[in-house]
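Read the structure below first, then the notes.
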Amino acid sequence: MSAALLPKPQMRRLLARRMKFHLLGAFVLSMGCATLYKFGIAEPRKRAYAEFYKSYDPMKDFEAMERAGVLECAPPK
């Protein structure tokens with residue numbers, strides 16, 4: 001009698017049904033992570049590099065390293 005009260009377990013297409021759910025969840029999660037990375041890390045990094053290179057003078061930096069004796073190809077004066 002108790003066997004009649006329990007529903008039959010689903011045996012067919014169980015993997016396909018669960019796969020749809022998990023693939024959709026994985027896609028949404030990956031898109032969310034990609035969006036967070038782009039706007040949370042990549043864009044601020046691009047702005048920081050752009051701001052740094054607006055006023056960067058490579059010759060001034062080279063001369064400072066040359067005076068400090070950091071470069072072997074250019075001994076200190």
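So you can find residues: chains in the structure tokens are A, B, ... in the order shown, residues in each start at 1, and ligands are numbered from 1 in order.
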Exercise. Within chain A, find each residue whose DSSP state, derived from the backbone, is helix (DSSP H, G or I), and express the selection as a PyMOL selection string.
Key: chain A and resi 2-5+14-54+58-68
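Coordinates place CA of Ala64 in chain A at a distance of 21.1 Å from CA of Glu51 in chain A.
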Quiz item: Expressed in Å to a single decimal, how great is the separation between CA of Pro76 in chain A and CA of Lys60 in chain A?
Solution: 14.5 Å
Practice problem: Quote the spacing between CA of Asp61 in chain A and CA of Tyr49 in chain A in Å to one decimal place. | Solution: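 It comes out at 16.4 Å.
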